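J.: Can you read through this structure? Questions will come right after.
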Amino acid sequence: MIRCEKLIQEFGNPPFRVLHEIDLKIEDGEFVSISGRSGSGKSTLLYLLSTLDLPKSGKVFIDEYDVCQWSQAEVHSFRNLHIGFIFQFHYLLPELTSLENVLLPARNLGKIEEKTPDALKILEEFGILSKKDSLPGKMSGGEQQRVAIARALIMNPKFIFADEPTGNLDSENGKIVMNILKRINKENGTTIALVTHDQNYASRADREILLKDGRVQ
Amino acid sequence: MLFLTWRQLISRKKQTFLILLGISFGTMLFISISGVQLGLRSYISNQLLNNTAHILISGSDRNVDSKDITERFYRDQVVRWIQEPLGKRGEVRLENYQGWAEKLQQDPEVYDFSPRLSVNALLSRGSFSAPVNLIGTLPERHVKITSIQNYMREGDFLNLKGGAQKIVLGSRVAKDLGVRPGQLIHVNIGEGESQGFKIVGIVHFGNDQIDKSIAFAELTKVQLLNRSPGRVSEIAVSLVEMDKSSEIADEWEVLGKDKVQDWQEANKSFMEMIRMQDFVRYFITTAILIVAAFGIYNVLSIMINQKQKEIAILRAIGYGPGKIMELVIYQGVILGIFGGILGVVLGFCMCQWVGSIDLNIEIGGSNHLIVSYDPHIYLIAFSAALLASILASYFPAHFASRLSPMDIIRSQL
């Protein structure tokens, strides 16, 4: 479960308030979409909920642990084991093949051999097994994003945070990505928080959170 | 992280190769410059040691002292010299050879010593003559404290022993006079009649200056020739540990009036030249390595800027700042190690090549430069390359590890 209390985030100097005292709760196994116009603070909120960023004030609890109190090592270990990130840009390492990219989180834990069968299975499910030895530069945008999703899934995380995962894709590939997310949510019980500005995608979530000017509507 | 580091390096082959070249060039230059300099130095040191041994004890020059003379001859009278007496008082000789001999025999630091009497002599055969520095020595001791046996071109230095008057000539002396071992030569030291000495050996140091002006004979024969039995002008001392020579020389200096010089002191200008060379060598190498280090620094900094996205995702996946730092620093370490190894190999080849050039001038018995292959040179060169690479990668690595993933992601949007 993820919960935040009176979350405030400000940027710049003089400080500009992006989020105004957000209170919010995401239950385990829930598929939540966070939507709003650009500048509404939806990505900022996602990064605060996902340990990537620290708030100006307010608190974030993951499974009742106060995230802000964690040390660097604890944060990184938690991300490694329990969180999968999907970004608008795939952020694949260009020197590594898609299989190696998928296994990056496992590599950090020294579990490559253990996780290789899983990785191959996921790639197969995503229809990109034939590309397992290709470098990202030799793949299409949709394929790259699927590799990135596979990377987010490899440790079988409890939470997945997706920031506009379809933003860079055509509608065909966008649909594929959304279907994958829905299926993971259903089959694995993974908690998913999806940021999107596209109403069609947002409405496919269990629950929609609409942000406007840094406030929940 | 080594895996990732390696992948990143080989994905930038050209850059990696160029940096590697930079580092190995620095290493190579250090090795070849050091090899030549140290080779030359060891050759010259050897020559110097042949002359002076580790410590040379000699009589100090005693000059006429007008004050001393005034006091001695005129006591309390007031004397003003119109022309002050000056010049040397007699010959340079050791004040107390017996005392020294006893002390040196008992000193555990002393390996061996050899008394000498050197006089200026004119060698002649037929109508040709050559001025030389004739050194009277004890042959069996002389070979123990110097490596003169290695420089004997013909005959054996120990042939000097025995009753008859025998002499060993420098190679140029022999050549100029056109004499060979077994022949007789006349020696004149300016007093008395010239005497015949039998040539029993030719020594060739490979240094023209020395080879054309040196001759050796047994100490007692030279003493007789000089009409000064028992006189010794210097004692060459060889120590158990050469490195202590300066320290021990200073200690002995205070024991008496005689001049005690270690071989470095006796060859001051040479030692200064060596220091200068060392400075130049280290300066050049440091400059090259700094350039190479800046190359590493630049490339890694640029790489980090280009790879911010990847650093961000690694952080999001759970790679902590320490891992990011490793990623960058390993690149520096790998470049340093491989550049260093390549440089050591290239340096060795360079030394081989330099050592094989025919220079047409004679150095130490051959026409080639003497190159030192002292392992220390290679060790220092490699360590310097590695250190420069690690230092150069540390700063970009530190910078990369401090990048916050959020800042990077935000800047991408």
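Residue numbering restarts at 1 in every chain; chains get A, B, ... in the order shown in the structure tokens, and ligands count up from 1 in that same order.
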What's the 8 Å shell around B:Ile185, counting only C-alpha atoms, without same-chain residues fewer than 6 positions away, as an MDAnalysis selection string?
T.: chainID B and resid 123:125 196:199
J.: Excluding same-chain residues fewer than 6 positions from B:Val354, what lies within 9 Å of it counting only C-alpha atoms, as a list in words?
T.: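 With the cut-off at 9 Å, the set is Ser32, Val36, His368, Leu369, Ile370 and Val371 of chain B.
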J.: Please, which residues in chain B fall within 6 Å of chain A when counting only C-alpha atoms, and what is the closest atom pair and distance in Å to one decimal for each, ordered by chain then residue number, as a tab-separated table?
T.:
residue	atom	partner	partner_atom	distance
B:Glu310	CA	A:Leu93	CA	6.0
B:Ile317	CA	A:Asn80	CA	5.3
B:Gly318	CA	A:Asn80	CA	4.2
B:Gly320	CA	A:His76	CA	5.7
J.: Would you please work out which residue, of B:Arg410, B:Pro375, B:Glu102, B:Ile334, is nearest to B:Phe17 when using only C-alpha atoms?
T.: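 Going through B:Arg410, B:Pro375, B:Glu102, B:Ile334 one by one, the smallest distance to B:Phe17 is for B:Ile334.
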J.: Quick one: everything within 12 Å of stretch 6-8 of chain A, counting only C-alpha atoms, minus sequence neighbours fewer than 4 positions away in the same chain. Send it as JSON, numbers by chain.
T.: {"A": [15, 16, 17, 18, 19, 20, 21, 22, 23, 24, 25, 41, 44, 45, 46, 47, 48, 49, 53, 54, 55, 56, 57, 58, 59, 60, 61, 68, 214, 215, 216]}
J.: Considering only C-alpha atoms, return as a list in words whatever protein or nucleic-acid residues lie within 10 Å of B:Gln37, sequence-local ones (same chain, fewer than 6 positions apart) excluded.
T.: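 The residues that qualify are Ile31, Tyr43, Ile274, Gln277, Asp278, Arg281, Leu369, Ile370, Val371 and Ser372 of chain B.
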J.: What would the file look like if the residues just selected were written as a PDB file, in the first residue's frame with C-alpha atoms?
T.:
ATOM      1  CA  ILE B  31      60.764   3.935 -20.045  1.00  0.00           C
ATOM      2  CA  TYR B  43      78.248   3.170 -17.448  1.00  0.00           C
ATOM      3  CA  ILE B 274      72.523  13.274 -13.010  1.00  0.00           C
ATOM      4  CA  GLN B 277      68.719  14.593 -15.916  1.00  0.00           C
ATOM      5  CA  ASP B 278      66.416  13.041 -13.367  1.00  0.00           C
ATOM      6  CA  ARG B 281      63.066  12.957 -17.145  1.00  0.00           C
ATOM      7  CA  LEU B 369      73.975   3.236 -26.415  1.00  0.00           C
ATOM      8  CA  ILE B 370      73.913   1.361 -23.161  1.00  0.00           C
ATOM      9  CA  VAL B 371      70.275   0.992 -22.146  1.00  0.00           C
ATOM     10  CA  SER B 372      69.181   0.080 -18.670  1.00  0.00           C
TER      11      SER B 372
END
J.: What's the separation between atom CA of B:Ile324 and atom CA of B:Ser11, in Å to one decimal place?
T.: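 Value for the atom CA of B:Ile324-atom CA of B:Ser11 distance: 17.9 Å.
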J.: What residues in stretch 93-158 of chain A get the DSSP label helix (DSSP H, G or I)? Please answer as a VMD selection string.
T.: chain A and resid 98 to 102 104 to 108 112 to 125 129 to 131 136 to 138 141 to 153
J.: Please, which residues of stretch 15-164 of chain B, numbered as in this document, come out strand (DSSP E) from DSSP, as number ranges by chain?
T.: B: 55-58, 110-125, 128-137, 152-155
J.: Residues at most 8 Å from B:Ala292, counting only C-alpha atoms, excluding those fewer than 2 positions away in the same chain, as a PDB file with N, CA and C atoms, in the first residue's frame?
T.:
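Result file around.pdb:
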ATOM      1  N   ILE B  19      42.792   7.069 -26.336  1.00  0.00           N
ATOM      2  CA  ILE B  19      43.247   7.325 -24.966  1.00  0.00           C
ATOM      3  C   ILE B  19      44.327   6.338 -24.570  1.00  0.00           C
ATOM      4  N   GLY B  22      47.489   7.417 -25.838  1.00  0.00           N
ATOM      5  CA  GLY B  22      48.038   8.537 -25.074  1.00  0.00           C
ATOM      6  C   GLY B  22      48.767   8.048 -23.835  1.00  0.00           C
ATOM      7  N   ILE B  23      48.088   7.174 -23.096  1.00  0.00           N
ATOM      8  CA  ILE B  23      48.696   6.677 -21.863  1.00  0.00           C
ATOM      9  C   ILE B  23      49.951   5.870 -22.171  1.00  0.00           C
ATOM     10  N   GLY B  26      52.985   7.978 -23.017  1.00  0.00           N
ATOM     11  CA  GLY B  26      53.638   8.542 -21.831  1.00  0.00           C
ATOM     12  C   GLY B  26      54.515   7.508 -21.163  1.00  0.00           C
ATOM     13  N   ILE B 288      53.675  14.507 -20.034  1.00  0.00           N
ATOM     14  CA  ILE B 288      52.964  13.616 -20.960  1.00  0.00           C
ATOM     15  C   ILE B 288      51.787  12.952 -20.262  1.00  0.00           C
ATOM     16  N   LEU B 289      52.035  12.488 -19.039  1.00  0.00           N
ATOM     17  CA  LEU B 289      50.967  11.801 -18.326  1.00  0.00           C
ATOM     18  C   LEU B 289      49.828  12.754 -17.978  1.00  0.00           C
ATOM     19  N   ILE B 290      50.176  14.006 -17.714  1.00  0.00           N
ATOM     20  CA  ILE B 290      49.113  14.972 -17.430  1.00  0.00           C
ATOM     21  C   ILE B 290      48.238  15.146 -18.674  1.00  0.00           C
ATOM     22  N   PHE B 294      44.372  14.285 -18.859  1.00  0.00           N
ATOM     23  CA  PHE B 294      43.323  15.201 -19.288  1.00  0.00           C
ATOM     24  C   PHE B 294      42.474  14.577 -20.386  1.00  0.00           C
ATOM     25  N   GLY B 295      43.133  13.790 -21.221  1.00  0.00           N
ATOM     26  CA  GLY B 295      42.383  13.058 -22.250  1.00  0.00           C
ATOM     27  C   GLY B 295      41.339  12.165 -21.616  1.00  0.00           C
ATOM     28  N   ILE B 296      41.751  11.405 -20.611  1.00  0.00           N
ATOM     29  CA  ILE B 296      40.811  10.517 -19.924  1.00  0.00           C
ATOM     30  C   ILE B 296      39.694  11.341 -19.286  1.00  0.00           C
TER      31      ILE B 296
END
J.: Show which residues sit within 8 Å of stretch 133-135 of chain A, as a PyMOL selection string. Count only C-alpha atoms, and ignore same-chain residues fewer than 2 positions away.
T.: chain A and resi 94-99+130-131+137-139
J.: Determine, counting only C-alpha atoms, which protein, DNA and RNA residues have an atom within 7 Å of an atom of stretch 176-184 of chain A; residues of the same chain fewer than 5 positions away are not included. Present the result as an MDAnalysis selection string.
T.: chainID A and resid 166 189:190
J.: Store the residues picked out above in a file with N, CA and C atoms, as a PDB file, in the first residue's frame.
T.:
ATOM      1  N   THR A 166       3.106   5.264 -22.979  1.00  0.00           N
ATOM      2  CA  THR A 166       2.634   5.198 -24.360  1.00  0.00           C
ATOM      3  C   THR A 166       2.895   6.493 -25.100  1.00  0.00           C
ATOM      4  N   GLY A 189      -1.027  -9.471  -9.748  1.00  0.00           N
ATOM      5  CA  GLY A 189      -1.485  -8.654  -8.627  1.00  0.00           C
ATOM      6  C   GLY A 189      -0.569  -7.473  -8.346  1.00  0.00           C
ATOM      7  N   THR A 190       0.166  -7.057  -9.389  1.00  0.00           N
ATOM      8  CA  THR A 190       1.093  -5.940  -9.216  1.00  0.00           C
ATOM      9  C   THR A 190       0.337  -4.620  -9.112  1.00  0.00           C
TER      10      THR A 190
END
